[in-house]
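To start, the structure under review is shown below, and the notes come after it.
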Amino acid sequence: MDKFKKQRKRMIETQLKTRDIHDARVLKAMETVPRQLFIDEGLADQAYNDNPLPIDAHQTISQPYIVALMTQSLELKSTDRVLEIGTGSGYQTAILASLAFRVFSVERVAKLATKARNILDALNFYNVAIRVGDGSYGWREEAPFDEIIITAAVPNIPKNLEAQLAPGGRLVAPVGNREIQTLYKITRSLEDPKIITKEDLGGCRFVSLIGESGWKD
Ligand code: SAH
């Protein structure tokens with residue numbers, strides 16, 4: 001077994017299963033996607049550590065547990081269409097693409113989008129579309145989405161994104177100030193799409209969303 005495969009198995013046992021990540025499909029995806037390919041070669045040995053890591057443009061690749069927690073709470077089905085705001089390294093994108101039908105991902109920094117595109121192509125994730133721009137506006141032409149994930153901190157759930165959530169759909173986002181946030185899951189009722197419920201998934205720390213629904217650079 002290669003070294004990284006071993007490290008992935010250990011990550012599953014020590015970082016995920018111990019913290020209530022129990023969805024078999026999510027665990028399988030986390031066991032399969034080679035996280036070390038989404039970061040600088042020099043950091044590869046830290047790829048499966050229990051923390052975020054720096055990527056280009058002063059951004060970060062999220063901690064594996066946070067990726068797993070957000071993914072599990074989205075309850076993805078293989079027929080679902082997902083919107084992601086903040087492609088970053090593309091690692092979370094790959095996890096989503098392993099579990100859903102199609103992923104639409106928006107990234108503000110062109111250089112990150114290009115890097116993510118290349119690695120996702122190399123790994124044959126052909127069900128991912130990436131667009132460069134301010135994700136505050138979502139992806140209107142492709143809306144509504146069964147799931148929406150925002151992987152940058154926002155002061156509030158952006159109304160534009162909430163509006164692109166399908167009846168019965170789920171949205172996960174870190175909501176708070178630029179230093180510290182709470183991870184919220186909101187669900188749009190299938191029976192009455194006007195009804196939105198909100199669940200607190202715990203504290204977290206993300207880099208800021210820069211744009212209309214976030215902060216100025
Ligand atoms: N899921 C990514 C997280 C990257 S950090 C990963 O694990 O690699 C958050 C990302 O959101 C950064 O790449 C940042 O450039 C991007 N971002 C910030 N503001 C944005 C905006 N308004 N629209 C789209 N992406 C944005």
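By convention in this document, the chains of the structure tokens carry letters A, B, ... by their order, each chain's residues are numbered from 1, and ligands are numbered from 1 in the order they are shown.
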
Using only C-alpha atoms and all ligand atoms, find each protein or nucleic acid residue lying at most 7 Å from ligand 1; present the set as a PyMOL selection string.
chain A and resi 59-62+85-93+106-109+112+133-136+151-152+206-212+214

If you count only C-alpha atoms, which residues fall within 10 Å of segment 1-15 of chain A, apart from same-chain ones fewer than 5 positions away, as a PyMOL selection string?
chain A and resi 20-21+27-28+30-36+44-50+63-65+68

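Using only C-alpha atoms, the smallest distance between any of A:Ile130, A:Ala113, A:Leu165, A:Leu123 and Asp80 of chain A comes from A:Leu165.
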
Could you check the closest approach to Leu96 of chain A for each of A:Arg81, A:Lys111, A:Lys17, A:Arg178 and tell me which residue wins, using only C-alpha atoms?
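For Leu96 of chain A, the nearest of the candidates is A:Arg81.
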
From segment 35-93 of chain A, collect each residue whose DSSP state is helix (DSSP H, G or I) and return the set as a PyMOL selection string.
chain A and resi 35-38+41-46+64-74+91-93

Based on the selection just made, write C-alpha atoms of those residues as a compact mmCIF listing (two decimals), in the first residue's frame.
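In the end it all went to out_2.txt:
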```txt
# COMPACT_ATOMS: atom_id res chain seq x y z
CA ARG A 35 -5.34 15.21 -1.02
CA GLN A 36 -1.53 15.52 -1.40
CA LEU A 37 -2.00 16.42 -5.09
CA PHE A 38 -4.01 19.54 -4.23
CA GLU A 41 4.75 19.26 -3.28
CA GLY A 42 6.80 20.55 -0.37
CA LEU A 43 3.79 20.12 1.95
CA ALA A 44 2.78 16.65 0.71
CA ASP A 45 3.93 14.98 3.92
CA GLN A 46 1.47 17.15 5.86
CA PRO A 64 -9.98 17.27 6.40
CA TYR A 65 -12.52 17.02 9.23
CA ILE A 66 -14.24 20.26 8.17
CA VAL A 67 -14.41 19.02 4.56
CA ALA A 68 -15.97 15.76 5.79
CA LEU A 69 -18.40 17.52 8.15
CA MET A 70 -19.65 19.95 5.51
CA THR A 71 -19.92 17.19 2.92
CA GLN A 72 -21.79 14.86 5.25
CA SER A 73 -24.26 17.56 6.23
CA LEU A 74 -25.08 18.25 2.57
CA TYR A 91 -9.96 19.30 -2.95
CA GLN A 92 -13.45 19.88 -1.56
CA THR A 93 -14.63 20.09 -5.18
```

Near-Phe145 of chain A list (7 Å; only C-alpha atoms; drop same-chain fewer than 3 positions) as a list in words
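After dropping sequence-adjacent residues, the list is Arg81, Val82, Leu83, Ile148, Gln164, Leu165 and Ala166 of chain A.
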
Could you list, as an MDAnalysis selection string, every residue within 9 Å of Leu99 of chain A, counting only C-alpha atoms and ignoring same-chain residues fewer than 5 positions away?
chainID A and resid 25:26 29 76:80 94

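What separates atom CA of Tyr137 of chain A from atom CA of Ala122 of chain A is a distance of 28.8 Å.
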
For a test of reading the model, state the distance in Å between atom CA of Asp40 of chain A and atom CA of Arg117 of chain A, rounded to one decimal.
15.3 Å

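Our summary of the geometry notes that atom CA of Asn118 of chain A is positioned 18.6 Å from atom CA of Pro54 of chain A.
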
Leaving out Tyr184 of chain A and any residue of its chain fewer than 2 positions from it, which residues lie within 6 Å of it when counting only C-alpha atoms, given as number ranges by chain?
A: 172-173, 199-201

Using the selection just defined, write its residues with N, CA and C atoms as a PDB file, in the first residue's frame.
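What follows is the written file out_9.pdb:
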```pdb
ATOM      1  N   VAL A 172     -24.667  24.852   3.254  1.00  0.00           N
ATOM      2  CA  VAL A 172     -23.776  24.918   4.418  1.00  0.00           C
ATOM      3  C   VAL A 172     -22.807  26.076   4.226  1.00  0.00           C
ATOM      4  N   ALA A 173     -22.617  26.863   5.299  1.00  0.00           N
ATOM      5  CA  ALA A 173     -21.736  28.029   5.201  1.00  0.00           C
ATOM      6  C   ALA A 173     -21.201  28.444   6.561  1.00  0.00           C
ATOM      7  N   GLU A 199     -29.602  25.166  11.257  1.00  0.00           N
ATOM      8  CA  GLU A 199     -29.002  24.288  12.274  1.00  0.00           C
ATOM      9  C   GLU A 199     -27.548  24.711  12.505  1.00  0.00           C
ATOM     10  N   ASP A 200     -27.133  24.737  13.767  1.00  0.00           N
ATOM     11  CA  ASP A 200     -25.769  25.130  14.154  1.00  0.00           C
ATOM     12  C   ASP A 200     -24.882  23.881  14.186  1.00  0.00           C
ATOM     13  N   LEU A 201     -23.821  23.863  13.376  1.00  0.00           N
ATOM     14  CA  LEU A 201     -22.943  22.678  13.335  1.00  0.00           C
ATOM     15  C   LEU A 201     -21.649  22.886  14.116  1.00  0.00           C
TER      16      LEU A 201
END
```

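Of the residues under consideration (A:Lys115, A:Lys159, A:Arg131, A:Lys185), A:Lys185 shows the shortest atom-to-atom contact distance to Glu147 of chain A when counting only C-alpha atoms.
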
Near Thr187 of chain A, counting only C-alpha atoms, which residues have an atom at most 9 Å away, once you skip same-chain residues fewer than 3 positions from it, shown as a list of chain:residue names?
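The contact residues come out as A:Leu165, A:Pro167, A:Gly168, A:Gly169, A:Arg170, A:Leu171, A:Val172, A:Leu190, A:Ile195, A:Ile196, A:Thr197, A:Lys198, A:Glu199.
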